[in-house]
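Working notes, beginning with the structure itself.
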Amino acid sequence: MPIKIPRAHKKSAPKSKPKGRKFAFQTPKGMHDMLPADFLFFDKIEKALKKIVCYYGFERIETPIMEDARIFERGTGMTSEIVQKQMFTVKTRGGEVMALRPEMTPGVLRAYVESGLSHVMSPAKFYYLSPLFRYEQPQHGRFRQFYQLGFEILGSDEAVYDAQTISAVYRTIGELKLKNIMVRVNSIGCKTCRATYVKKLKEYYKNKLSKMCKDCNKRYSENPLRLLDCKEEKCQPFKAQAPQTLDYLCTACKHHFKLVLEYLDEMKIPYLIDSTLVRGLDYYSRTVFEVFIEGLDFALGGGGRYDYLSETLGGPRMAAVGAACGVERIVEAMKLQQIPSLVKNKNRVFLVYMGDQAKKKSLSILENLYDAGICVKEAFSKDSLKSQLRMADREKAELALILGQQEVFEDVIIVRDMQSGTQESVPLRKIVEEVKRRLR
RNA sequence: GUGGCCUUAGUGUAGUGGUAACACAACAGUUUGUGGCACUGUUAUCACGGGUUCAAAUCCCGUAGGCCACCCCA
C-alpha cells in the first residue's frame, strides 16, 4: 500500500538536478556519431591513405554531398539496387530531385569534366575520403551513412592503371598491416564482346528459368550478368555450368585483361580470377575486382573500369578506372586482426592553478608555452588542487606546473616531476626553457 | 522491403508482478596549497508511448533503435 508514496517523492524531487536526462532523439537509423575513439581508427586509415596517394600521385577531390538524382540514375544505373531502392532523395523547393550520393564515381567524373580539368590533366588521378548514403537495412558492415576511401584514374584505358588502382587499394590496406588480403578479378568485356556473351548466357539460362529463383528470373530480363551473382542454393548448379565471361572476350579485351594480370604479377599482388564476379553497378566494363580479407564475409572494397560512363552521362568519350573501400569495414578488419588504432595523444605537461588570480595569469603562461610548441593540458573547470593533480596523474603527465596566489605574487611557478614527486620553484620568464630541458 | 532476437547508470551485467542491485569507470569529499592506495558519497522517471493490475523493469499492444538472416553492397 504505502509503496506509491516514495515514488511520488522521487518524481517531484528531481527539479533540483535536471541533469542526466537523455534526449528524446537518437542518431538516425544506420547512422553513427564518430566519437574521439572512432577517430583513432579513422585517422590511422587516413594517414595510411595519405602515404599511399603521395607515392602514387593521386590528388584529393571532394564533390557536393548531393547531386542531381539523375546523375546516378543514368550513371550508376536504373537496374542497380543502389539506385532502385537505396537512394536518399530530396525534393528542393524549386522542384528538383536531388540525391544524397550513394557512391562517388559519377560525381567525381562530373567534376573533372565540368571544371575543365579534363583539358588540363589527362589522365588525372584523384582520391577521396568521403561520406556516402544508402537507404538500406543496417547490418554488420552496412550502414546508411558510411565513409569510403577511393581512387579514380580518368582519361586513360591503359591496363597499367587498372593494375595501379588495384594496387592503391591493396597497398593502403597493407599499410595498415592487415593480413590475408585477397583480390578477386574478372573481366566483363567491352560493349561488343559483352553483348555476345550476354546472348550466350541468356541462351544457356533460357530453358532453366523455371527451376531457378524468382530473382534470377528478374535478372534474366533486366541485368543478365547478375545471374552469376546469385547465392540461392537451387541456382548454384546452373551457375557452375554457365558460360564464363572470359571465354567470350574479344581480342582487345582479352589482351587488356592479360596485361592487367601481368602487371599485378609484376607488383606481386596476389589475386584470384573469379569468373562469377560481376558487380552491381551498371557502368562497369572490362576489369572488375573486389578486395577481401579472411574472416570477413563482406568485401572491404571493390571497383573496376568504366569506359562508357562519361558518354552515358552525356559527356565526352573517356576511359576511366576506379576503386573504393568502406572505411568502417576496414576498421572492422583492423579490430578482427587486433591491429591497434592510433594512441590517444597525451600531453606531457599539465598546468595546475589555485585561485582566480592564478587562473587568469596561467592563460598567458599557456600562450607562451604553446608558442614554444609545448602542448599543455589543463582543467580549468576544477578548482581544487587535488582534483587537478589527480587528473594530471590520470593523464600520465610528466610535469605539473603549479601556480598559486603566492607564485603569481613572486613571479615564479612550481615545476613538479610527477614521477618522483620532487618539485622546485622556477622564475616565470625561464619556464619555457625549463620545461623544454626537462622534457628532453 | 520481409522475418527472428534484443534494449536496465558511461561500460558490462543482476533483477521474471511488490520500495531498482553489483562491478568497473566518472565526479565530489575524507579539515587549511599537492596525485597514485584506501574509505565515504553522488550518478538510472529500467529506449519511448499506451494498456492490464491495488502494484509493472517484469505481462500485453504500438513506435523507435540495435543485432542477425534474406536481399544487396563498401
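Identifiers in the C-alpha cells: chain A, B, ... in order shown; residue index from 1 per chain; ligand index from 1 in order shown.
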Legend entry - Neighbours of chain B in chain A at 8 Å, counting only C-alpha atoms (C1' of nucleotides), as a ChimeraX atom specification: /A:1,3,6,11,24,26,29,81,139,142,148,280,299-302,324-327,329,354,385-386,389-393,404,418
Inset, instruction - Identify all residues of segment 71-183 of chain A in helix (DSSP H, G or I) (DSSP on the backbone) and supply them as a ChimeraX atom specification. - result: /A:71-77,81-85,105-114,117-120,159-175
Keeping only N, CA and C atoms, write the selected residues as a CSV table (one decimal), in the first residue's frame.
chain,number,residue,atom,x,y,z
A,71,ILE,N,22.0,11.9,-62.2
A,71,ILE,CA,23.4,11.5,-62.5
A,71,ILE,C,23.6,10.1,-62.0
A,72,PHE,N,22.9,9.7,-61.0
A,72,PHE,CA,23.0,8.3,-60.5
A,72,PHE,C,22.1,7.4,-61.3
A,73,GLU,N,20.9,7.9,-61.6
A,73,GLU,CA,20.0,7.1,-62.4
A,73,GLU,C,20.6,6.7,-63.7
A,74,ARG,N,21.2,7.7,-64.4
A,74,ARG,CA,21.9,7.4,-65.7
A,74,ARG,C,23.2,6.7,-65.5
A,75,GLY,N,24.0,7.1,-64.6
A,75,GLY,CA,25.3,6.6,-64.4
A,75,GLY,C,25.4,5.3,-63.7
A,76,THR,N,25.1,5.3,-62.4
A,76,THR,CA,25.1,4.1,-61.6
A,76,THR,C,24.2,3.0,-62.2
A,77,GLY,N,23.0,3.5,-62.7
A,77,GLY,CA,22.2,2.6,-63.5
A,77,GLY,C,20.8,2.3,-62.8
A,81,GLU,N,20.6,-2.0,-57.7
A,81,GLU,CA,19.9,-2.0,-56.5
A,81,GLU,C,20.1,-0.6,-55.8
A,82,ILE,N,21.3,-0.1,-55.9
A,82,ILE,CA,21.6,1.2,-55.3
A,82,ILE,C,20.7,2.3,-55.7
A,83,VAL,N,20.4,2.3,-57.0
A,83,VAL,CA,19.5,3.4,-57.5
A,83,VAL,C,18.1,3.1,-57.3
A,84,GLN,N,17.7,1.8,-57.5
A,84,GLN,CA,16.3,1.4,-57.4
A,84,GLN,C,15.7,1.6,-56.1
A,85,LYS,N,16.5,1.2,-55.1
A,85,LYS,CA,15.9,1.2,-53.7
A,85,LYS,C,16.7,1.9,-52.7
A,105,THR,N,31.8,7.9,-57.8
A,105,THR,CA,32.3,7.9,-59.1
A,105,THR,C,31.6,8.9,-60.1
A,106,PRO,N,30.3,8.9,-60.2
A,106,PRO,CA,29.7,9.8,-61.1
A,106,PRO,C,30.0,11.3,-60.8
A,107,GLY,N,30.0,11.6,-59.5
A,107,GLY,CA,30.2,13.0,-59.1
A,107,GLY,C,31.6,13.4,-59.5
A,108,VAL,N,32.6,12.5,-59.2
A,108,VAL,CA,34.0,12.8,-59.5
A,108,VAL,C,34.2,13.0,-61.0
A,109,LEU,N,33.6,12.2,-61.8
A,109,LEU,CA,33.7,12.3,-63.2
A,109,LEU,C,33.1,13.6,-63.7
A,110,ARG,N,31.9,13.9,-63.1
A,110,ARG,CA,31.2,15.1,-63.5
A,110,ARG,C,32.1,16.3,-63.2
A,111,ALA,N,32.7,16.3,-62.0
A,111,ALA,CA,33.5,17.5,-61.6
A,111,ALA,C,34.7,17.6,-62.5
A,112,TYR,N,35.3,16.5,-62.9
A,112,TYR,CA,36.5,16.5,-63.7
A,112,TYR,C,36.2,17.1,-65.1
A,113,VAL,N,35.1,16.8,-65.6
A,113,VAL,CA,34.7,17.3,-66.9
A,113,VAL,C,34.2,18.8,-66.8
A,114,GLU,N,33.3,19.0,-65.8
A,114,GLU,CA,32.7,20.3,-65.6
A,114,GLU,C,33.7,21.4,-65.3
A,117,LEU,N,39.1,20.5,-66.0
A,117,LEU,CA,40.4,19.8,-65.6
A,117,LEU,C,40.7,18.7,-66.6
A,118,SER,N,39.7,18.2,-67.3
A,118,SER,CA,40.0,17.1,-68.2
A,118,SER,C,40.8,17.7,-69.4
A,119,HIS,N,40.8,19.0,-69.6
A,119,HIS,CA,41.7,19.5,-70.7
A,119,HIS,C,43.1,19.8,-70.2
A,120,VAL,N,43.2,19.9,-68.9
A,120,VAL,CA,44.5,20.4,-68.3
A,120,VAL,C,45.3,19.2,-67.9
A,159,ALA,N,45.9,-0.5,-69.3
A,159,ALA,CA,45.7,-1.6,-68.3
A,159,ALA,C,46.6,-1.4,-67.1
A,160,VAL,N,47.7,-0.6,-67.3
A,160,VAL,CA,48.5,-0.3,-66.1
A,160,VAL,C,47.7,0.4,-65.0
A,161,TYR,N,46.8,1.2,-65.5
A,161,TYR,CA,46.0,2.0,-64.5
A,161,TYR,C,45.0,1.1,-63.8
A,162,ASP,N,44.6,0.1,-64.4
A,162,ASP,CA,43.7,-0.9,-63.7
A,162,ASP,C,44.5,-1.5,-62.6
A,163,ALA,N,45.7,-1.9,-63.0
A,163,ALA,CA,46.6,-2.6,-62.0
A,163,ALA,C,47.0,-1.6,-60.9
A,164,GLN,N,47.2,-0.4,-61.3
A,164,GLN,CA,47.6,0.6,-60.3
A,164,GLN,C,46.5,0.9,-59.3
A,165,THR,N,45.3,1.0,-59.8
A,165,THR,CA,44.1,1.2,-58.9
A,165,THR,C,44.0,0.1,-57.9
A,166,ILE,N,44.1,-1.1,-58.4
A,166,ILE,CA,44.0,-2.3,-57.5
A,166,ILE,C,45.2,-2.2,-56.5
A,167,SER,N,46.3,-1.9,-57.0
A,167,SER,CA,47.5,-1.8,-56.1
A,167,SER,C,47.3,-0.7,-55.0
A,168,ALA,N,46.7,0.4,-55.4
A,168,ALA,CA,46.5,1.5,-54.5
A,168,ALA,C,45.6,1.0,-53.3
A,169,VAL,N,44.6,0.3,-53.6
A,169,VAL,CA,43.7,-0.3,-52.6
A,169,VAL,C,44.5,-1.3,-51.8
A,170,TYR,N,45.2,-2.2,-52.5
A,170,TYR,CA,45.9,-3.2,-51.8
A,170,TYR,C,47.0,-2.7,-50.9
A,171,ARG,N,47.7,-1.6,-51.3
A,171,ARG,CA,48.8,-1.0,-50.5
A,171,ARG,C,48.2,-0.3,-49.3
A,172,THR,N,47.1,0.4,-49.6
A,172,THR,CA,46.5,1.2,-48.4
A,172,THR,C,46.1,0.3,-47.3
A,173,ILE,N,45.5,-0.8,-47.7
A,173,ILE,CA,45.1,-1.8,-46.7
A,173,ILE,C,46.4,-2.5,-46.1
A,174,GLY,N,47.3,-2.7,-46.9
A,174,GLY,CA,48.6,-3.3,-46.5
A,174,GLY,C,49.3,-2.4,-45.5
A,175,GLU,N,49.3,-1.1,-45.8
A,175,GLU,CA,50.0,-0.1,-45.0
A,175,GLU,C,49.5,-0.2,-43.5
